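**Q** Okay, here's the structure, questions in a sec.
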Amino acid sequence: MSAGAAQGRAGFGRAIAWVLLLAGGLAMVLPLAFMFSTSLKDASEVYDLRLLPAHPTLDNYVTVLSDGRFLRWFGNSMGVATVVTLSNVFFDSLVGYTLAKFEFRGRYFVFLAILSTLMVPTEMLVIPWYVMARNFGWLDSYWGIMFPGMMTAFGTFLMKQFFETVPNDFLEAARVDGLNEFTIFWRIAMPLVTPALSALAIFTFLSNWTAFIWPLIVTTSKELYTLPVGLSSFAVEQQIQWELIMTGAALATLPTLLVFLALQRYIVRGVVMAGLKG
Amino acid sequence: MAGIAVERLVKRYGPTQVVHGIDLDVQDGEFVVFVGPSGCGKSTTLRMIAGLEEIDGGEIRIGGRVVNRLEPKDRNIAMVFQNYAIYPHMSVGENIAFGLYTSKLGKAEKRAKVEEAARILGLEDLLERRPSALSGGQRQRVAIGRAMVRDPAAFLFDEPLSNLDAQLRAQMRLEIKRLHQRLGATIVYVTHDQVEAMTMADRIVVMREGRILQVGSPMELYERPADVFTARFIGSPTMNVLPAAAEGGGLALAGGRVALEGGAVPSGGRVLVGVRPQQLRVLEAGETADLLLSGHVAVVEPLGSETFVHVEVGDQLVLASAAAKAAPPVGTAVRLGADAAALKLFDAETERAL
């Protein structure tokens with residue numbers, strides 16, 4: 001086969017890859033672009049499906065932001081997602097680390113038990129959660145919204161897998177240097193899994209930021225609504241004013257973008273191996 | 001600094017016993033090297049001394065104090081690991097200072113200790129760097145620095161040079177030996193490399209299958225190995241070991257014979273004859289020696305300073321050394337010879353020295 005033909009084949013393969021990637025990229029970006037575009041249109045223009053608004057306006061943003069409820073829901077979502085994320089980052093890691101690095105009777109059983117809860121769909125858990133929240137008096141409270149997600153089996157599993165890649169030499173060196181077990185976990189093991197922690201933080205924040213069903217069920221007071229619940233109630237009340245809903249949604253995506261931008265560099269950086277042979 | 005004593009030390013993993021009641025006394029300030037093949041229990045023994053493995057029997061004393069049940073941090077020892085185990089998220093300076101994490105020294109004193117260790121190890125200009133920006137040898141020096149600042153009772157080294165290339169290994173060997181001379185520290189060092197053991201140790205401990213075979217200075221082990229294993233393990237290249245049978249006051253070998261005085265071996269007894277390649281020479285025509293072997297040259301390995309000649313004697317390859325430019329070509333029939341004083345005799349059954 002000539003070099004030209006081989007090159008031609010490689011070029012064709014590349015072209016196909018580009019087309020597929022482009023299609024995938026457009027499928028991801030278009031709804032977002034449409035959301036931002038609609039948020040800049042006035043009511044008369046909403047059903048005109050052009051991507052660029054004829055008369056762009058920020059009135060929708062003024063309307064949404066001057067509605068005190070939106071800011072309240074935004075704050076609720078932010079608070080709930082932040083607390084749950086911090087809780088997951090800490091407790092999932094603590095349990096994952098213990099399962100990965102300590103030998104004890106029943107370790108495997110505990111791990112399997114945690115893992116098996118992954119197979120139960122959220123829809124099935126909603127009723128037991130509700131009964132639990134009612135019995136403990138947690139209905140219609142921030143704690144009620146947060147408690148089911150404070151620790152997750154997925155996070156524990158993810159962190160366990162990552163902690164297993166941390167060489168024991170690091171931990172043993174610290175043990176010989178006189179650190180207690182918690183300090184070893186906190187000062188040595190945790191910094192070595194920052195990529196995993198970032199990933200876990202992003203997943204947890206996103207899933208709590210967008211959580212809908214459980215906050216809808218557990219809250220009744222409007223002041224406790226999270227943003228998705230609030231936005232949907234917005235839609236009903238306002239007889240579906242798409243430009244306002246899209247504006248709310250556009251504002252709602254900002255924190256997730258910020259979280260991703262802030263943490264993504266840690267995901268890419270492979271910290272663990274740097275201190276070992278190389 | 002302090003000595004380390006180990007008595008009847010036992011370690012089991014489930015039903016498998018990996019260390020079989022070993023005894024050893026490491027003197028204050030002594031450099032002791034554990035050497036042996038993979039799985040011989042040398043690292044396990046070191047880790048038991050460090051407190052990283054629990055012991056299943058016996059006693060460990062550091063500076064006269066029994067430490068069997070003490071946590072690693074309470075044993076006042078420092079350890080350097082094969083993978084260096086320097087923390088990638090901390091700078092060189094922070095890594096070295098980490099050895100003082102639990103110390104009650106003031107900030108200025110801590111900094112002074114870190115700077116002193118950095119000066120001794122030639123790391124002064126690298127204190128701000130991250131480990132990822134260091135070479136293997138520099139990383140290992142950081143690990144040693146972290147151990148040094150603690151002024152421990154003893155240093156434990158677990159195959160610290162295994163991940164370095166040959167040149168760097170030779171350099172670090174020298175540095176560790178000089179560090180020992182300078183600090184006068186008690187060092188227990190584990191390696192599978194007999195060159196490291198020979199060049200650095202005050203005493204070498206040869207281990208095999210969880211037991212100590214022989215303890216002695218490098219030259220003692222080289223000149224008076226207690227068994228075939230030690231004889232072959234210590235010294236490079238490996239000692240030739242040839243089966244022989246006593247016959248008429250001497251020994252008969254496949255392809256040769258040994259003239260022995262005084263009937264050192266009972267008639268009919270089977271022995272193993274050990275001779276180091278450096279003491280086995282290619283004989284000139286008409287020259288004779290106590291040990292005589294004849295065969296054909298199979299492979300010639302010139303090293304520059306000398307040349308190794310592999311000779312097929314009977315069905316065995318025997319290694320001899322020749323002067324750099326005097327090696328016979330492949331295929332030549334040659335006679336090899338050595339003096340009786342250079343021979344080591346071992347019992348063929350027990351493989352112990354006779």
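By order of appearance in the structure tokens: chains A, B, ..., then residues from 1 within every chain, and ligands from 1 in the order shown.
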Using only C-alpha atoms, find the residues of chain B whose closest atom to chain A is at most 8 Å away, then write them as an NGL selection string.
**A** :B and (50 or 52 or 72-74 or 77-81 or 83-89 or 98-102 or 131-132 or 136 or 139 or 163)
**Q** Got a sec: who's within 7 Å of B:Pro218, counting only C-alpha atoms, leaving out chain neighbours fewer than 5 positions off, as number ranges by chain?
**A** B: 198, 201, 203-204
**Q** So that I can check the surroundings of A:Thr210, please list as JSON, numbers by chain every protein, DNA and RNA residue that reaches within 7 Å of it, counting only C-alpha atoms and ignoring chain neighbours fewer than 3 positions away.
**A** {"A": [206, 207, 228]}
**Q** So, with only C-alpha atoms as the atoms that count, which of B:Thr199, B:Ser91, B:Asn76, B:Ser135 lies closest to B:Ser103?
**A**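 Looking only at the distances to B:Ser103, the closest residue turns out to be B:Asn76.
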